[in-house]
>>> print(open('upload26.cif').read())   # mmCIF, C-alpha atoms and all ligand atoms
data_protein
loop_
_atom_site.label_atom_id
_atom_site.label_comp_id
_atom_site.auth_asym_id
_atom_site.auth_seq_id
_atom_site.Cartn_x
_atom_site.Cartn_y
_atom_site.Cartn_z
CA MET U 1 -38.15 61.55 -145.47
CA SER U 2 -39.00 59.55 -142.34
CA GLU U 3 -38.42 55.81 -142.51
CA GLU U 4 -42.12 55.11 -141.96
CA LEU U 5 -43.21 57.44 -144.74
CA GLN U 6 -40.61 55.98 -147.08
CA LEU U 7 -41.91 52.49 -146.36
CA HIS U 8 -45.44 53.61 -147.05
CA GLU U 9 -44.42 55.15 -150.38
CA GLN U 10 -42.47 52.08 -151.47
CA GLY U 11 -44.95 49.53 -150.17
CA GLU U 12 -44.24 46.46 -148.16
CA LYS U 13 -42.28 43.41 -149.27
CA ILE U 14 -43.89 40.00 -149.60
CA PHE U 15 -42.88 37.91 -146.59
CA VAL U 16 -41.19 34.82 -148.00
CA SER U 17 -40.29 31.69 -146.07
CA ILE U 18 -39.05 28.24 -146.97
CA ARG U 19 -40.22 25.01 -145.36
CA LEU U 20 -38.25 21.82 -145.79
CA ARG U 21 -40.38 18.67 -145.63
CA PRO U 22 -39.01 15.72 -143.61
CA LEU U 23 -37.40 12.97 -145.68
CA GLN U 24 -39.88 10.36 -146.77
CA ASP U 25 -39.27 6.90 -145.55
CA LYS U 26 -37.84 5.35 -148.67
CA ALA U 27 -34.27 4.16 -148.47
CA ARG U 28 -33.34 5.23 -152.01
CA ASN U 29 -34.38 8.79 -151.35
CA ARG U 30 -32.62 9.25 -148.10
CA ILE U 31 -29.98 11.68 -149.22
CA CYS U 32 -30.60 15.27 -148.29
CA ASP U 33 -28.46 18.10 -149.57
CA TRP U 34 -30.20 20.96 -147.83
CA GLU U 35 -29.62 22.36 -144.38
CA CYS U 36 -30.98 25.37 -142.55
CA ALA U 37 -27.91 27.24 -141.34
CA ASN U 38 -29.96 29.53 -139.10
CA ASN U 39 -33.38 31.20 -138.98
CA ASP U 40 -33.14 32.78 -142.39
CA THR U 41 -30.57 30.94 -144.48
CA ILE U 42 -30.75 27.61 -146.23
CA ILE U 43 -27.59 26.09 -147.63
CA PHE U 44 -26.82 23.51 -150.25
CA LYS U 45 -24.33 21.07 -148.71
CA ASN U 46 -23.35 19.08 -151.76
CA SER U 47 -20.06 20.28 -153.21
CA LEU U 48 -19.97 18.28 -156.45
CA PRO U 49 -18.05 20.36 -159.03
CA GLU U 50 -20.95 20.51 -161.52
CA ARG U 51 -23.09 22.07 -158.82
CA SER U 52 -20.64 24.83 -158.02
CA MET U 53 -22.21 27.21 -160.56
CA PHE U 54 -25.23 27.49 -158.26
CA PRO U 55 -25.25 29.60 -155.13
CA ALA U 56 -24.61 27.62 -151.97
CA ALA U 57 -26.67 29.74 -149.62
CA TYR U 58 -30.05 31.43 -149.96
CA THR U 59 -31.48 33.95 -147.52
CA PHE U 60 -35.17 34.61 -146.91
CA ASP U 61 -37.36 36.15 -144.24
CA ARG U 62 -37.51 32.79 -142.48
CA VAL U 63 -36.46 29.23 -143.21
CA PHE U 64 -37.96 26.24 -141.42
CA ASP U 65 -36.12 22.93 -141.25
CA SER U 66 -37.82 19.56 -141.43
CA ASP U 67 -38.23 19.38 -137.65
CA SER U 68 -40.31 22.56 -137.54
CA SER U 69 -43.96 22.20 -136.66
CA THR U 70 -46.75 23.80 -138.66
CA ILE U 71 -47.71 25.97 -135.69
CA GLN U 72 -44.18 27.40 -135.73
CA VAL U 73 -44.42 28.05 -139.47
CA TYR U 74 -47.76 29.74 -138.87
CA LYS U 75 -46.59 31.89 -135.96
CA GLU U 76 -43.37 33.05 -137.58
CA GLY U 77 -44.28 32.99 -141.26
CA ALA U 78 -47.97 33.79 -141.64
CA LYS U 79 -49.79 34.91 -138.50
CA HIS U 80 -48.92 38.62 -138.64
CA ILE U 81 -50.01 38.76 -142.27
CA ALA U 82 -53.22 36.72 -141.88
CA LEU U 83 -54.46 38.69 -138.86
CA SER U 84 -54.15 42.02 -140.71
CA VAL U 85 -57.57 41.19 -142.09
CA LEU U 86 -59.06 42.18 -138.73
CA GLU U 87 -57.68 45.70 -139.18
CA GLY U 88 -59.33 46.07 -142.59
CA ILE U 89 -56.21 45.08 -144.57
CA ASN U 90 -56.44 42.44 -147.31
CA SER U 91 -54.05 39.58 -146.81
CA SER U 92 -53.00 36.39 -148.55
CA ILE U 93 -50.99 33.34 -147.59
CA PHE U 94 -49.69 31.19 -150.45
CA ALA U 95 -48.06 27.78 -150.48
CA TYR U 96 -45.79 27.24 -153.50
CA GLY U 97 -43.70 24.20 -154.35
CA GLN U 98 -43.51 20.98 -156.31
CA THR U 99 -46.06 18.20 -155.84
CA SER U 100 -45.56 16.29 -152.61
CA SER U 101 -43.34 18.95 -151.02
CA GLY U 102 -45.93 19.69 -148.31
CA LYS U 103 -48.11 22.57 -149.61
CA THR U 104 -51.46 21.04 -148.65
CA TYR U 105 -50.10 19.76 -145.35
CA THR U 106 -48.83 23.24 -144.52
CA MET U 107 -51.88 25.19 -145.74
CA ARG U 108 -54.34 22.97 -143.85
CA GLY U 109 -52.56 23.74 -140.61
CA ILE U 110 -52.07 27.43 -141.39
CA THR U 111 -55.76 27.85 -142.25
CA GLU U 112 -56.84 26.09 -139.08
CA TYR U 113 -54.57 28.17 -136.81
CA ALA U 114 -55.44 31.43 -138.55
CA VAL U 115 -59.19 30.78 -138.37
CA SER U 116 -58.90 29.95 -134.69
CA ASP U 117 -56.90 33.14 -133.96
CA ILE U 118 -59.29 35.27 -136.03
CA TYR U 119 -62.29 34.00 -134.05
CA ASP U 120 -60.44 34.45 -130.74
CA CYS U 121 -59.76 38.10 -131.67
CA ILE U 122 -63.37 38.65 -132.76
CA GLU U 123 -64.67 37.25 -129.49
CA ARG U 124 -62.32 39.47 -127.49
CA GLN U 125 -63.30 42.69 -129.29
CA GLU U 126 -66.58 43.45 -127.60
CA GLU U 127 -66.66 47.01 -128.87
CA ARG U 128 -67.04 45.98 -132.51
CA ASP U 129 -69.63 44.06 -134.52
CA PHE U 130 -68.28 41.55 -137.02
CA VAL U 131 -69.71 39.94 -140.12
CA VAL U 132 -67.64 37.02 -141.45
CA LYS U 133 -68.24 35.46 -144.86
CA PHE U 134 -66.58 32.52 -146.53
CA CYS U 135 -66.13 31.33 -150.10
CA ALA U 136 -63.93 28.71 -151.71
CA MET U 137 -62.88 27.93 -155.24
CA GLU U 138 -60.65 25.66 -157.23
CA ILE U 139 -58.96 26.51 -160.52
CA TYR U 140 -58.37 23.47 -162.66
CA ASN U 141 -57.48 23.63 -166.36
CA GLU U 142 -58.23 27.37 -166.28
CA ALA U 143 -61.81 26.64 -165.15
CA VAL U 144 -63.00 28.04 -161.84
CA ARG U 145 -65.16 25.71 -159.74
CA ASP U 146 -67.15 26.57 -156.64
CA LEU U 147 -66.07 24.32 -153.78
CA LEU U 148 -69.23 25.10 -151.81
CA SER U 149 -71.60 24.07 -154.56
CA PRO U 150 -72.38 20.55 -155.76
CA ASP U 151 -72.55 21.87 -159.34
CA SER U 152 -69.28 21.48 -161.10
CA TYR U 153 -69.84 23.85 -164.03
CA PRO U 154 -67.14 26.49 -164.47
CA LEU U 155 -67.76 30.00 -163.19
CA ARG U 156 -67.00 33.13 -165.15
CA VAL U 157 -64.40 35.63 -164.02
CA LEU U 158 -65.60 39.20 -164.54
CA ASP U 159 -64.24 42.70 -164.10
CA ASP U 160 -66.41 44.82 -161.87
CA PRO U 161 -65.68 48.56 -162.00
CA GLU U 162 -66.28 48.89 -158.24
CA ARG U 163 -65.02 45.60 -156.84
CA GLY U 164 -62.31 44.65 -159.35
CA THR U 165 -62.10 41.05 -160.55
CA VAL U 166 -64.98 38.91 -159.30
CA VAL U 167 -66.02 35.31 -159.79
CA GLU U 168 -69.62 35.29 -160.96
CA LYS U 169 -72.14 33.25 -158.91
CA LEU U 170 -69.52 32.06 -156.44
CA THR U 171 -71.30 30.94 -153.26
CA GLU U 172 -70.54 33.19 -150.33
CA VAL U 173 -71.81 32.07 -146.95
CA ALA U 174 -72.29 34.38 -143.97
CA LEU U 175 -70.86 32.44 -141.05
CA ARG U 176 -72.71 31.88 -137.79
CA ASP U 177 -69.63 30.94 -135.80
CA ARG U 178 -66.35 29.04 -135.99
CA ASP U 179 -68.09 25.64 -136.00
CA HIS U 180 -70.02 26.70 -139.08
CA LEU U 181 -66.72 27.53 -140.79
CA HIS U 182 -65.27 24.15 -139.84
CA GLU U 183 -68.30 22.45 -141.41
CA LEU U 184 -67.73 24.37 -144.63
CA LEU U 185 -64.01 23.61 -144.65
CA THR U 186 -64.88 19.91 -144.40
CA ILE U 187 -67.22 20.29 -147.39
CA CYS U 188 -64.43 21.94 -149.43
CA GLU U 189 -62.05 19.18 -148.50
CA ALA U 190 -64.57 16.54 -149.60
CA GLN U 191 -65.26 18.41 -152.86
CA ARG U 192 -61.57 18.53 -153.58
CA GLN U 193 -61.19 14.85 -152.90
CA ILE U 194 -64.05 13.96 -155.26
CA GLY U 195 -62.12 15.81 -157.94
CA GLU U 196 -59.00 13.94 -156.99
CA THR U 197 -60.54 10.48 -157.48
CA ALA U 198 -62.55 11.36 -160.57
CA LEU U 199 -59.87 13.27 -162.38
CA ASN U 200 -56.67 11.48 -161.59
CA GLU U 201 -55.03 13.38 -158.77
CA THR U 202 -56.55 16.70 -159.66
CA SER U 203 -55.48 18.12 -156.36
CA SER U 204 -51.84 18.35 -157.32
CA ARG U 205 -52.90 19.97 -160.61
CA SER U 206 -55.36 22.49 -159.26
CA HIS U 207 -55.11 25.72 -157.31
CA GLN U 208 -57.33 26.12 -154.27
CA ILE U 209 -58.35 29.48 -152.85
CA LEU U 210 -60.20 29.72 -149.53
CA ARG U 211 -61.35 33.23 -148.72
CA LEU U 212 -62.68 34.78 -145.53
CA THR U 213 -64.16 38.26 -145.77
CA ILE U 214 -64.46 40.19 -142.54
CA GLU U 215 -66.41 43.39 -142.02
CA SER U 216 -66.51 45.21 -138.71
CA SER U 217 -68.00 48.37 -137.34
CA ALA U 218 -67.79 50.08 -133.98
CA ARG U 219 -70.78 49.08 -131.85
CA GLU U 220 -71.50 52.57 -130.53
CA TYR U 221 -72.14 53.71 -134.09
CA ALA U 222 -74.32 50.75 -135.02
CA GLY U 223 -77.39 52.08 -136.78
CA ALA U 224 -75.99 55.61 -136.89
CA GLY U 225 -75.86 55.36 -140.69
CA ASN U 226 -72.62 57.27 -141.06
CA SER U 227 -70.09 55.05 -139.31
CA SER U 228 -67.20 53.59 -141.27
CA ILE U 229 -67.00 49.86 -141.84
CA LEU U 230 -63.63 48.11 -142.06
CA ALA U 231 -63.76 45.42 -144.72
CA ALA U 232 -61.05 43.06 -145.91
CA SER U 233 -60.43 39.50 -147.10
CA VAL U 234 -57.82 36.92 -146.31
CA ASN U 235 -56.96 34.29 -148.95
CA PHE U 236 -55.45 30.91 -148.17
CA VAL U 237 -53.97 29.68 -151.43
CA ASP U 238 -52.76 26.13 -152.02
CA LEU U 239 -51.14 26.26 -155.45
CA ALA U 240 -50.82 23.41 -157.91
CA GLY U 241 -47.50 21.56 -158.05
CA SER U 242 -44.90 23.84 -159.59
CA GLU U 243 -43.19 21.15 -161.69
CA ARG U 244 -43.50 21.60 -165.43
CA ALA U 245 -45.52 19.34 -167.73
CA SER U 246 -42.37 18.43 -169.65
CA GLN U 247 -40.94 16.97 -166.48
CA THR U 248 -43.85 14.66 -165.78
CA SER U 249 -43.83 11.36 -167.59
CA ALA U 250 -47.50 11.65 -168.43
CA ALA U 251 -49.15 12.23 -171.79
CA GLY U 252 -52.69 12.88 -172.98
CA THR U 253 -54.91 14.46 -170.34
CA ARG U 254 -52.00 14.96 -168.05
CA LEU U 255 -50.21 16.95 -170.70
CA LYS U 256 -53.26 19.13 -171.31
CA GLU U 257 -53.52 19.66 -167.60
CA GLY U 258 -49.86 20.41 -167.49
CA CYS U 259 -50.21 23.09 -170.16
CA HIS U 260 -52.93 24.82 -168.20
CA ILE U 261 -51.03 24.48 -164.98
CA ASN U 262 -48.13 25.94 -166.81
CA ARG U 263 -50.30 28.76 -168.04
CA SER U 264 -51.36 29.71 -164.54
CA LEU U 265 -48.05 28.99 -162.92
CA LEU U 266 -46.00 30.41 -165.75
CA THR U 267 -48.08 33.57 -165.59
CA LEU U 268 -47.63 33.64 -161.82
CA GLY U 269 -43.88 33.31 -162.35
CA THR U 270 -43.87 36.06 -164.99
CA VAL U 271 -45.99 38.36 -162.84
CA ILE U 272 -43.71 37.84 -159.84
CA ARG U 273 -40.60 38.35 -161.99
CA LYS U 274 -41.95 41.57 -163.50
CA LEU U 275 -43.09 42.91 -160.16
CA SER U 276 -39.75 42.06 -158.57
CA LYS U 277 -38.13 44.54 -160.95
CA GLY U 278 -40.36 47.39 -159.79
CA ARG U 279 -43.67 48.70 -160.98
CA THR U 280 -42.60 49.58 -164.47
CA GLY U 281 -44.07 48.15 -167.64
CA HIS U 282 -46.96 45.86 -168.31
CA VAL U 283 -47.71 43.11 -165.78
CA PRO U 284 -49.67 40.28 -167.46
CA TYR U 285 -52.15 39.57 -164.64
CA ARG U 286 -54.84 38.95 -167.24
CA ASP U 287 -53.05 36.03 -168.86
CA SER U 288 -54.39 33.49 -166.38
CA LYS U 289 -57.37 33.03 -164.05
CA LEU U 290 -55.14 32.59 -161.04
CA THR U 291 -53.30 35.87 -161.49
CA ARG U 292 -56.51 37.73 -162.38
CA ILE U 293 -58.29 36.54 -159.25
CA LEU U 294 -55.26 37.16 -157.05
CA GLN U 295 -54.08 40.38 -158.68
CA ASN U 296 -54.36 42.37 -155.46
CA ALA U 297 -52.45 39.81 -153.45
CA LEU U 298 -49.61 39.91 -155.98
CA GLY U 299 -48.72 43.54 -156.01
CA GLY U 300 -51.80 45.51 -155.09
CA ASN U 301 -53.77 46.38 -152.01
CA ALA U 302 -52.75 43.47 -149.77
CA ARG U 303 -50.23 42.05 -147.36
CA THR U 304 -48.82 38.79 -148.62
CA ALA U 305 -46.83 35.85 -147.29
CA ILE U 306 -45.54 33.01 -149.45
CA ILE U 307 -44.41 29.74 -147.91
CA CYS U 308 -42.29 27.79 -150.37
CA THR U 309 -42.21 24.10 -149.54
CA MET U 310 -39.26 21.96 -150.60
CA SER U 311 -38.75 18.23 -150.90
CA PRO U 312 -35.31 17.62 -149.39
CA GLU U 313 -34.42 14.47 -151.36
CA ARG U 314 -31.53 14.68 -153.80
CA ILE U 315 -33.66 13.48 -156.71
CA HIS U 316 -35.68 16.70 -156.39
CA VAL U 317 -32.73 19.06 -156.40
CA GLU U 318 -33.61 20.76 -159.70
CA GLN U 319 -37.18 21.44 -158.61
CA SER U 320 -35.94 22.70 -155.27
CA ARG U 321 -33.67 25.15 -157.04
CA ASN U 322 -36.56 26.37 -159.17
CA THR U 323 -38.59 26.87 -156.00
CA LEU U 324 -35.75 28.87 -154.45
CA LEU U 325 -35.45 31.03 -157.58
CA PHE U 326 -39.17 31.77 -157.47
CA ALA U 327 -38.89 32.56 -153.77
CA LYS U 328 -35.97 34.94 -154.39
CA CYS U 329 -38.00 36.86 -156.97
CA ALA U 330 -41.08 36.94 -154.74
CA ARG U 331 -39.01 38.50 -151.99
CA GLU U 332 -38.38 41.57 -154.14
CA VAL U 333 -42.08 42.22 -154.78
CA ARG U 334 -43.75 45.07 -152.93
CA THR U 335 -47.44 45.29 -152.28
CA ASN U 336 -49.36 48.35 -151.23
CA ALA U 337 -51.69 47.49 -148.38
CA GLN U 338 -54.28 50.01 -147.26
CA VAL U 339 -56.98 49.98 -144.66
CA ASN U 340 -60.27 49.44 -146.50
CA LEU U 341 -63.12 51.60 -145.32
CA ILE U 342 -66.45 50.90 -146.93
CA MET U 343 -67.46 54.55 -146.73
CA SER U 344 -65.18 55.95 -149.38
CA ASP U 345 -63.76 59.47 -149.31
CA LYS U 346 -65.90 60.18 -152.35
CA ALA U 347 -69.05 59.18 -150.50
CA LEU U 348 -67.98 61.29 -147.52
CA VAL U 349 -67.38 64.37 -149.69
CA LYS U 350 -70.79 63.85 -151.28
CA GLN U 351 -72.41 63.58 -147.89
CA LEU U 352 -70.69 66.77 -146.72
CA GLN U 353 -71.73 68.62 -149.87
CA ARG U 354 -75.35 67.60 -149.37
CA GLU U 355 -75.27 68.71 -145.74
CA LEU U 356 -73.65 72.02 -146.68
CA ALA U 357 -76.28 72.69 -149.36
CA ARG U 358 -79.04 71.98 -146.84
CA LEU U 359 -77.50 74.37 -144.31
CA GLU U 360 -77.05 77.11 -146.93
CA LYS U 361 -80.69 76.77 -147.93
CA GLU U 362 -81.71 77.05 -144.33
CA MET U 363 -79.54 80.18 -143.88
CA ARG U 364 -81.10 81.79 -146.94
CA SER U 365 -84.62 81.12 -145.77
CA LEU U 366 -83.63 82.49 -142.39
CA GLY U 367 -82.20 85.64 -143.98
CA SER U 368 -85.30 86.31 -146.10
CA ALA U 369 -87.70 85.77 -143.23
CA SER U 370 -88.16 88.55 -140.69
CA VAL U 371 -85.84 87.82 -137.81
CA LYS U 372 -88.30 87.07 -135.11
CA GLY U 373 -87.17 84.09 -133.15
CA ASP U 374 -84.00 83.06 -131.35
CA THR U 375 -81.27 83.58 -134.02
CA ALA U 376 -78.49 82.59 -131.63
CA GLY U 377 -80.30 79.33 -130.93
CA VAL U 378 -80.59 78.51 -134.65
CA LEU U 379 -76.88 79.24 -135.15
CA ARG U 380 -75.97 76.98 -132.23
CA GLU U 381 -78.05 74.21 -133.85
CA LYS U 382 -76.16 74.71 -137.13
CA GLU U 383 -72.79 74.51 -135.41
CA LYS U 384 -73.85 71.27 -133.77
CA LEU U 385 -74.90 69.84 -137.13
CA ILE U 386 -71.60 70.84 -138.76
CA GLY U 387 -69.78 69.18 -135.88
CA GLN U 388 -71.70 65.95 -136.47
CA VAL U 389 -70.87 65.94 -140.15
CA ILE U 390 -67.18 66.67 -139.68
CA ARG U 391 -66.53 63.93 -137.10
CA PRO U 392 -66.60 60.86 -139.41
CA THR U 393 -64.16 62.54 -141.79
CA SER U 394 -61.54 63.05 -139.14
CA GLU U 395 -62.03 59.49 -137.99
CA SER U 396 -61.45 58.17 -141.51
CA CYS U 397 -58.33 60.32 -141.86
CA PHE U 398 -57.06 58.91 -138.60
CA ILE U 399 -57.58 55.34 -139.74
CA ARG U 400 -55.89 56.00 -143.09
CA ALA U 401 -52.95 57.55 -141.32
CA LEU U 402 -52.44 54.30 -139.41
CA VAL U 403 -51.58 52.32 -142.54
P1 LIG F 1 -48.30 18.78 -151.82
O1 LIG F 1 -49.60 19.40 -151.41
O2 LIG F 1 -47.20 19.78 -151.95
O3 LIG F 1 -48.43 17.93 -153.05
P2 LIG F 1 -48.64 17.26 -149.42
O4 LIG F 1 -48.94 18.33 -148.47
O5 LIG F 1 -49.78 16.43 -149.88
O6 LIG F 1 -47.82 17.80 -150.66
O7 LIG F 1 -47.52 16.34 -148.73
C1 LIG F 1 -47.05 15.12 -149.29
C2 LIG F 1 -46.92 14.10 -148.17
O8 LIG F 1 -45.91 14.49 -147.23
C3 LIG F 1 -48.19 13.93 -147.36
O9 LIG F 1 -48.31 12.56 -147.01
C4 LIG F 1 -47.96 14.76 -146.14
O10 LIG F 1 -48.69 14.27 -145.04
C5 LIG F 1 -46.46 14.63 -145.92
N1 LIG F 1 -45.87 15.87 -145.35
C6 LIG F 1 -45.72 17.04 -145.99
N2 LIG F 1 -45.11 17.95 -145.22
C7 LIG F 1 -44.88 17.35 -144.04
C8 LIG F 1 -44.29 17.77 -142.80
N3 LIG F 1 -43.80 19.01 -142.65
N4 LIG F 1 -44.23 16.86 -141.79
C9 LIG F 1 -44.71 15.62 -141.95
N5 LIG F 1 -45.28 15.16 -143.08
C10 LIG F 1 -45.38 16.00 -144.12
MG MG F 2 -51.43 19.31 -152.45
#
>>> encode(input="upload26.cif", output="structure tokens")
Amino acid sequence: MSEELQLHEQGEKIFVSIRLRPLQDKARNRICDWECANNDTIIFKNSLPERSMFPAAYTFDRVFDSDSSTIQVYKEGAKHIALSVLEGINSSIFAYGQTSSGKTYTMRGITEYAVSDIYDCIERQEERDFVVKFCAMEIYNEAVRDLLSPDSYPLRVLDDPERGTVVEKLTEVALRDRDHLHELLTICEAQRQIGETALNETSSRSHQILRLTIESSAREYAGAGNSSILAASVNFVDLAGSERASQTSAAGTRLKEGCHINRSLLTLGTVIRKLSKGRTGHVPYRDSKLTRILQNALGGNARTAIICTMSPERIHVEQSRNTLLFAKCAREVRTNAQVNLIMSDKALVKQLQRELARLEKEMRSLGSASVKGDTAGVLREKEKLIGQVIRPTSESCFIRALV
């Protein structure tokens, strides 16, 4: 079997990178045990005997030390995944890590760079028409909130037989241009901050998903009615802090929040662990809203990158190890990205069948009528029609073969 075919059959691995945050300027915290040995390996420098049971080196697709800029993290850890959306391939970029390790800082930059690159590509591709839509949501205490709506009531998550899991009544805005998107991103940011003040640092307890959906069609076919449309979404996911409720000193509301966070994050951990062992057995996507909504990104029809952020201070060493364990598991997960064509094969077959039936009817009526006119001319017309019908099929096969 060719290497390419084998890869296609097995799927593609999640691209996992680690980003070390710079030390924060507090004297008591200024001990760092982590060091990036090279581009893909992070090592634990401390050689205390009780630590020796843990591995000293961890290898990933990329590791970024605390001097790395967000643009570098974007270019080497996310860009190739995010821009797949322009080819009709679903993609997702996640930030995972404990509170204050740099998830939001990283995702803000990644989203900004990706959006800018996406619009640059769209503007360069004069031969295609693009429709770009945007939606944004926050999951807090297992309730989904629309970040583009002033209403804060929770939205229902439903299973649609055609579209998979959908969030009911989620606002989706068709974008005019990149400035329009920037306006909406500012609104989301403000919405998130309102939550933060009102609900005691909600932001570290909630998951945020920003989603751009991009549809494109070749201009020459515009209006032809039978052209294929490439359609895909890219998710930018800023996860809640990965620390467990038991490790926060809080009680009351915080604990309740923690339980829910645990439910979503524990389910995420379980899903990743199960998927890392191959596609056998039940994967509990349905156990939390986060994993339901992101099911595709976690093992389905999508290309995925996860950036795990780490706080370098010694006091966070246990959390950092947990993050590395999650990252190791995630690296074993394979997704199965496909180019999404809106005109499905089923629809194409139906269209061909209809056309064939029409031609057969025409032939019959031709046969029963006395052959008076230009039979050769009618046959030529039929051949032309068949040619027109066949063309989109071969185009769709070609596009599928590219995946
Ligand atoms: P999280 O979202 O994981 O809770 P934040 O992104 O809010 O963490 O980061 C915590 C603090 O550290 C913020 O003040 C942020 O500006 C700062 N920070 C995080 N990562 C970096 C970085 N790579 N370089 C400089 N400052 C950073
Ligand atoms: Mg944050």
>>> residues_near_ligand(input="upload26.cif", ligand="ligand LIG 1 (chain F)", cutoff="7 Å", atoms="only C-alpha atoms and all ligand atoms", output="MDAnalysis selection string")
chainID U and resid 20:22 66 69:70 97:106 204 241
>>> atom_distance(input="upload26.cif", atom1="atom CA of Arg211 of chain U", atom2="atom CA of Gly77 of chain U")
18.6 Å
>>> residues_near_point(input="upload26.cif", point="(-59.8, 39.8, -144.6)", cutoff="12 Å", atoms="all atoms listed in the file", output="ChimeraX atom specification")
/U:81-93,114-115,118,130-135,210-216,230-236,297,301-304,337-340
>>> closest_residue(input="upload26.cif", among="U:Tyr285, U:Tyr113, U:Tyr96, U:Phe64", to="ligand MG 2 (chain F)", atoms="all atoms listed in the file")
U:Tyr96
>>> residues_around(input="upload26.cif", residues="segment 179-188 of chain U", least_positions_apart="6", cutoff="8 Å", atoms="all atoms listed in the file", output="number ranges by chain")
U: 134, 136, 147-148
>>> residues_around(input="upload26.cif", residues="Leu170 of chain U", least_positions_apart="2", cutoff="10 Å", atoms="all atoms listed in the file", output="MDAnalysis selection string")
chainID U and resid 135:137 144:149 155:157 166:168 172:173
>>> closest_residue(input="upload26.cif", among="U:Ser276, U:Gln24, U:Asn141, U:Gln72", to="Cys329 of chain U", atoms="all atoms listed in the file")
U:Ser276
>>> atom_distance(input="upload26.cif", atom1="atom CA of Val63 of chain U", atom2="atom CA of Asn38 of chain U")
7.7 Å
>>> closest_residue(input="upload26.cif", among="U:His80, U:His207, U:Lys13, U:Arg176", to="ligand MG 2 (chain F)", atoms="all atoms listed in the file")
U:His207
>>> closest_residue(input="upload26.cif", among="U:Thr280, U:Ser368, U:Ser206, U:Ser264", to="ligand MG 2 (chain F)", atoms="all atoms listed in the file")
U:Ser206
>>> closest_residue(input="upload26.cif", among="U:Ser311, U:Gln208, U:Asn322, U:Thr171", to="ligand MG 2 (chain F)", atoms="all atoms listed in the file")
U:Gln208
>>> atom_distance(input="upload26.cif", atom1="atom CA of Arg163 of chain U", atom2="atom CA of Leu352 of chain U")
24.1 Å
